[in-house]
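Have a look at the structure below before the remarks.
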Amino acid sequence: MYKIIKRIITWSGRRQRRLYAGFVYSFLHTLFTAMPIMGAAYGLNLIIEDSNGTAPLTTDQILYMAGFMIFAVAGRFWFAYLRAAAQESIGYEVAAEQRLAIGAVLKRVSLGFFSKKNAGEIAAAVTTDLSFIELFGMKMIDTVVNGYISVLTMILCLAVYNGWIALIAAAGILVSALFLTLLGNKSSKNAPVQQQTRDSMVAATFEYIRGMPVVKAFKQDGVAREAILKAYRSNRDINVKIEKNYVPYNCLHLLALKAAATGMVLLSALFALNGILDLPVMLMMAIFSFVIFGHIETVNNAAHVLKIIDAVLDKLAGIENAECIDQNSKDMALSAYDIRFQNVTFAYEQRQILKNVSFVIPENTTAAIVGPSGSGKTTICSLIARFYDVDRGSVTVGGVDVKTMTCDSLLKNIAMVFQKVYLFHDTVLNNIRFGKPAATLEEIVTAAKKACCHDFIMALPNQYETVIGDGGSTLSGGEKQRISIARAILKNAPIVILDEATASVDPENEHTIQQAISALVHGKTIIVIAHRLTTVQNADQILVVADGRIAQQGTHAQLVQQDGVYKRFLSLRQAAEGWSI
Ligand SMILES: Nc1ncnc2c1ncn2[C@@H]1O[C@H](COP(=O)(O)OP(=O)(O)OP(=O)(O)O)[C@@H](O)[C@H]1O
């Protein structure tokens, strides 16, 4: 328990001083809680002395007693307030910072990180898991640290009157701590499992919702539900197991405290009968026995909750300490924008995709990448944008190895239009503004007009302020793509990567969009993964990718003269486009 408490204190970072101040307030709060009890014993003694005629009770004494009581109660509330003010909001403050820190890390890790960890696991970490620490982290500090500070302070007060009774209280705490340790040992095994089942539950729910169109289209609700039900059942089973483990140890922990409290009452009565304790002190001991363990009775929950917090902190550390792809890189400004691949070899995990690939795309020229599906065209683009690092060889932009540049300083120079467009659950305006956060409304509208989306945006219920559904679900494929082109136009970067950008644009708009793209790409270095013949034919050079290599390279005029992949690709394209028209 001590190790995890220390971990939570470390987690609170620069707010640790507030935590420690809270411990001091907690100690003072307990002293002020004990004072009225001791005051009551003293007052009772005065009353007894008055009633048996030993010493008459004076008005001054009554006033002092009343003043003392008011002072003690006021002090108690004041220190309770100070403790809460110092400690209680720390969890929320630290969690908010940690969410931002994780967001910053996720932006800088290689995309391979997301293949290893599923989105559900990451989402659970920054939402439910961090919320758990946010809610329970400081509560546990209060329950455990402040709880034990409180009980130890009371034992010290007891020891002033009678060492034996204080010893019984201390023995009760030791025995209860033993049972809590046993409960904690059980929880050490169960907490990580509970954590995993929660992650699986979130991931399965995500998957189910995301896959809903497929589930409906194939009428396979049963199959999809099975995965989600399995995750829910596992979560239920581990929770039931934890509860079953919890109950016996919890009972033993409470029994130890109750037995100690009973022992304190019995011993103080025995001492009073034998004249070792005065009657008022005996009564004071009895009152103490009721309140002394109050704070640590709820420590039972802490034994398990702390183990969960430990597991969650491990998980968060795993994400936060993920290796950032550009952690040894520098912010650099480029002065040229030619792209050069030199003997590039790249594999996703063990699966080799590119082998010894070399080519040059001179500044301000267009390179069309063509090749069979799965040949590595998108991978080439991802390496230019440094979504992944090459295994061997180098990718340079403007003569600078992208490995030496931070992602921010590299991506500042690149605008991308992806094959799979992702729009945020935000307004149309903000989705376009993503290309240039400081853009004015006028600039955004101009970009939207160039990308041929202005008219359909104006037809939306709230025009540019219309909120787009999750992932762009309330727009058609073509509309989404045009918005993503508007984003790229707005960014106005010197390098443009288009991944089949016009694939889902309807023929009516295609011509206009091609014009917009021409404006976007004018005077820039362009890499386009194109399936359209016109795009390919007009490119300054064509890179034909096959089997992880550059199988052919040249202009359209040069490549049509050669027998090879390009010629075959061309005849297939002509057939396909002829067929589609
Ligand atoms: N993140 C990834 N992890 C593992 N393998 C991947 C990943 N992304 C792509 N691949 C694999 O790498 C190969 C090349 O993929 P890539 O997307 O570059 O092909 P492509 O030529 O762009 O295909 P298409 O024309 O179908 O879009 C494919 O076999 C694909 O399955």
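Ligands are numbered from 1 in the order shown, residues from 1 within each chain, and chains are lettered A, B, ... in the order they appear in the structure tokens.
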TODO: Please identify which residues in segment 306-554 of chain A DSSP calls strand (DSSP E) from the backbone, and express them as number ranges by chain.
DONE: A: 339-348, 351-361, 366-370, 392-397, 400-401, 414-417, 495-499, 525-529, 541-546, 549-554
Open item on the list: DSSP on the backbone: which residues in segment 198-359 of chain A end up as alpha helix (DSSP H)? Give the answer as JSON, numbers by chain.
Closed with: {"A": [198, 199, 200, 201, 202, 203, 204, 205, 206, 207, 208, 209, 210, 212, 213, 214, 215, 216, 217, 218, 221, 222, 223, 224, 225, 226, 227, 228, 229, 230, 231, 232, 233, 234, 235, 236, 237, 238, 239, 240, 241, 242, 243, 244, 245, 246, 247, 248, 249, 250, 251, 252, 253, 254, 255, 256, 257, 258, 259, 260, 261, 262, 263, 264, 265, 266, 267, 268, 269, 270, 271, 272, 273, 279, 280, 281, 282, 283, 284, 285, 286, 287, 288, 289, 290, 291, 299, 300, 301, 302, 303, 304, 305, 306, 307, 308, 309, 310, 311, 312, 313, 314, 315, 316, 317, 318, 319, 320]}
Open item on the list: Give me, as a list in words, the set of residues whose atoms come within 6 Å of any atom of ligand 1, counting only C-alpha atoms and all ligand atoms.
Closed with: Tyr348, Ile353, Ser373, Gly374, Ser375, Gly376, Lys377, Thr378 and Thr379 of chain A
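Atom to atom, atom CA of Met285 of chain A and atom CA of Ile168 of chain A stand 11.8 Å apart.
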Task: Residues near segment 291-305 of chain A, cut-off 7 Å, only C-alpha atoms, skip fewer than 6 positions along chain, as a list in words - done: Met140, Thr143, Val144, Gly147, Tyr148, Val151, Met154, Leu180, Leu183, Gly184, Ser187, Asn250, Leu254 and Leu257 of chain A
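With only C-alpha atoms as the atoms that count, the minimum distance from Met405 of chain A to the choices A:Arg108, A:Lys307, A:Arg351, A:Lys241 is reached by A:Arg108.
With only C-alpha atoms as the atoms that count, the minimum distance from Glu465 of chain A to the choices A:Leu441, A:Leu383, A:Met1, A:Leu559 is reached by A:Leu441.
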Given only C-alpha atoms, how would the per-residue table for segment 144-204 of chain A near segment 11-28 of chain A read, listing every residue at most 8 Å away with its closest atom pair and distance in Å to one decimal, sorted by chain and number, as JSON lines?
```
{"residue": "A:Val145", "atom": "CA", "partner": "A:Phe23", "partner_atom": "CA", "distance": 7.4}
{"residue": "A:Asn146", "atom": "CA", "partner": "A:Ser26", "partner_atom": "CA", "distance": 5.8}
{"residue": "A:Ile149", "atom": "CA", "partner": "A:Phe27", "partner_atom": "CA", "distance": 6.0}
{"residue": "A:Ser150", "atom": "CA", "partner": "A:Phe27", "partner_atom": "CA", "distance": 6.1}
{"residue": "A:Thr153", "atom": "CA", "partner": "A:Phe27", "partner_atom": "CA", "distance": 6.9}
```
Filtering to N, CA and C atoms, could you give me those residues as a PDB file, in the first residue's frame?
```pdb
ATOM      1  N   VAL A 145      -3.804   7.852   3.999  1.00  0.00           N
ATOM      2  CA  VAL A 145      -2.806   8.654   4.725  1.00  0.00           C
ATOM      3  C   VAL A 145      -3.479   9.459   5.837  1.00  0.00           C
ATOM      4  N   ASN A 146      -4.508  10.224   5.447  1.00  0.00           N
ATOM      5  CA  ASN A 146      -5.164  11.040   6.474  1.00  0.00           C
ATOM      6  C   ASN A 146      -5.843  10.153   7.517  1.00  0.00           C
ATOM      7  N   ILE A 149      -3.140   8.982   9.796  1.00  0.00           N
ATOM      8  CA  ILE A 149      -2.667  10.132  10.595  1.00  0.00           C
ATOM      9  C   ILE A 149      -3.666  10.373  11.726  1.00  0.00           C
ATOM     10  N   SER A 150      -4.948  10.299  11.360  1.00  0.00           N
ATOM     11  CA  SER A 150      -6.001  10.562  12.334  1.00  0.00           C
ATOM     12  C   SER A 150      -5.972   9.542  13.482  1.00  0.00           C
ATOM     13  N   THR A 153      -2.885   9.915  15.671  1.00  0.00           N
ATOM     14  CA  THR A 153      -2.987  11.102  16.541  1.00  0.00           C
ATOM     15  C   THR A 153      -3.862  10.774  17.751  1.00  0.00           C
TER      16      THR A 153
END
```
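Of the residues listed (A:Ser131, A:Ser329, A:Gln553, A:Asn364), A:Ser131 shows the shortest atom-to-atom separation from Tyr92 of chain A; distances use only C-alpha atoms.
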- [ ] To one decimal in Å, tell me the separation between atom CA of Ala74 of chain A and atom CA of Pro56 of chain A.
- [x] 28.8 Å
- [ ] Please provide the set of residues having any atom within 9 Å of Ser110 of chain A, restricted to only C-alpha atoms, with same-chain residues fewer than 2 positions apart removed, written as a PyMOL selection string.
- [x] chain A and resi 106-108+112-114+323-326+386-389
Open item on the list: Residues near Phe179 of chain A, anyone? I mean within 7 Å using only C-alpha atoms, not counting same-chain ones fewer than 4 positions away, as a ChimeraX atom specification.
Closed with: /A:175,183,249,252-253
Write out, as a compact mmCIF listing (two decimals), in the first residue's frame, the residues just selected, with N, CA and C atoms.
```
# COMPACT_ATOMS: atom_id res chain seq x y z
N VAL A 175 -3.55 -5.67 13.48
CA VAL A 175 -4.23 -6.89 13.00
C VAL A 175 -5.06 -6.57 11.76
N LEU A 183 -5.69 -8.96 1.65
CA LEU A 183 -6.66 -8.56 0.62
C LEU A 183 -5.93 -7.89 -0.55
N TYR A 249 -12.11 -10.90 3.81
CA TYR A 249 -11.03 -10.09 4.39
C TYR A 249 -11.58 -8.79 4.97
N LEU A 252 -12.96 -9.57 8.34
CA LEU A 252 -11.91 -9.77 9.34
C LEU A 252 -11.28 -8.43 9.74
N HIS A 253 -11.12 -7.55 8.76
CA HIS A 253 -10.55 -6.22 9.03
C HIS A 253 -11.47 -5.44 10.00
```
- [ ] Take atom CA of Gln537 of chain A and atom CA of Ser335 of chain A and report the distance between them in Å, one decimal.
- [x] 29.1 Å
Open item on the list: What's around Ala286 of chain A at 9 Å? Count only C-alpha atoms, leave out sequence neighbours fewer than 3 positions away in its own chain, and write the answer as an NGL selection string.
Closed with: :A and (261-262 or 264-266 or 268-269 or 281-283 or 289-290)
TODO: Choose the residue, out of A:Ala55, A:Leu267, A:Leu279, A:Leu178, that has the smallest atom-to-atom separation from Ala41 of chain A; count only C-alpha atoms.
DONE: A:Leu279
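Excluding segment 520-535 of chain A itself and any same-chain residue fewer than 2 positions from it, the protein and nucleic acid residues within 7 Å of it, counting only C-alpha atoms, are Tyr337, Asp338, Glu363, Asn364, Thr365, Thr366, Ala367, Ala368, Ile369, Val370, Lys377, Ile489, Pro494, Ile495, Val496, Ile497, Leu498, Asp499, Glu500, Ala516, Ile517, Ser518, Gln537, Asn538 and Ala539 of chain A.
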Take the residues just selected and output them with N, CA and C atoms as a compact mmCIF listing (two decimals), in the first residue's frame.
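Done, and the output landed in out-v9.txt:
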```
# COMPACT_ATOMS: atom_id res chain seq x y z
N TYR A 337 12.39 21.82 -51.83
CA TYR A 337 11.33 20.83 -51.61
C TYR A 337 11.39 19.63 -52.57
N ASP A 338 12.60 19.30 -53.00
CA ASP A 338 12.72 18.07 -53.80
C ASP A 338 12.72 16.88 -52.84
N GLU A 363 12.01 19.42 -57.27
CA GLU A 363 11.12 20.46 -56.73
C GLU A 363 10.17 20.95 -57.83
N ASN A 364 8.94 21.24 -57.42
CA ASN A 364 7.93 21.80 -58.34
C ASN A 364 7.58 20.88 -59.50
N THR A 365 7.75 19.58 -59.32
CA THR A 365 7.30 18.66 -60.37
C THR A 365 6.26 17.71 -59.79
N THR A 366 5.58 17.03 -60.68
CA THR A 366 4.55 16.08 -60.24
C THR A 366 5.01 14.65 -60.53
N ALA A 367 4.94 13.83 -59.48
CA ALA A 367 5.24 12.40 -59.67
C ALA A 367 3.96 11.62 -59.41
N ALA A 368 3.58 10.81 -60.37
CA ALA A 368 2.41 9.94 -60.16
C ALA A 368 2.93 8.57 -59.76
N ILE A 369 2.36 8.03 -58.68
CA ILE A 369 2.77 6.68 -58.27
C ILE A 369 1.66 5.74 -58.70
N VAL A 370 2.01 4.74 -59.47
CA VAL A 370 1.02 3.75 -59.87
C VAL A 370 1.54 2.36 -59.52
N LYS A 377 2.26 1.91 -52.45
CA LYS A 377 2.16 3.32 -52.87
C LYS A 377 1.90 4.24 -51.67
N ILE A 489 -5.99 22.95 -49.61
CA ILE A 489 -5.83 24.23 -50.32
C ILE A 489 -5.49 25.32 -49.32
N PRO A 494 4.15 23.65 -49.56
CA PRO A 494 4.92 23.50 -50.80
C PRO A 494 4.96 22.06 -51.35
N ILE A 495 4.60 21.10 -50.50
CA ILE A 495 4.55 19.71 -50.99
C ILE A 495 3.12 19.21 -50.80
N VAL A 496 2.58 18.58 -51.85
CA VAL A 496 1.20 18.07 -51.74
C VAL A 496 1.21 16.58 -52.04
N ILE A 497 0.58 15.82 -51.14
CA ILE A 497 0.45 14.38 -51.37
C ILE A 497 -1.03 14.08 -51.57
N LEU A 498 -1.36 13.55 -52.72
CA LEU A 498 -2.77 13.24 -52.99
C LEU A 498 -2.90 11.73 -53.13
N ASP A 499 -3.66 11.13 -52.26
CA ASP A 499 -3.84 9.69 -52.35
C ASP A 499 -5.21 9.42 -52.97
N GLU A 500 -5.21 9.19 -54.25
CA GLU A 500 -6.45 8.95 -55.01
C GLU A 500 -7.51 9.97 -54.62
N ALA A 516 -9.40 22.93 -59.41
CA ALA A 516 -9.02 23.37 -58.05
C ALA A 516 -7.70 22.74 -57.65
N ILE A 517 -7.59 21.46 -57.97
CA ILE A 517 -6.34 20.77 -57.62
C ILE A 517 -5.18 21.40 -58.41
N SER A 518 -5.44 21.77 -59.65
CA SER A 518 -4.38 22.41 -60.44
C SER A 518 -3.94 23.70 -59.76
N GLN A 537 -1.04 10.71 -67.02
CA GLN A 537 -0.42 11.14 -68.28
C GLN A 537 0.24 12.52 -68.17
N ASN A 538 -0.37 13.39 -67.37
CA ASN A 538 0.17 14.74 -67.26
C ASN A 538 1.33 14.87 -66.28
N ALA A 539 1.62 13.80 -65.55
CA ALA A 539 2.68 13.87 -64.53
C ALA A 539 4.05 14.05 -65.19
```
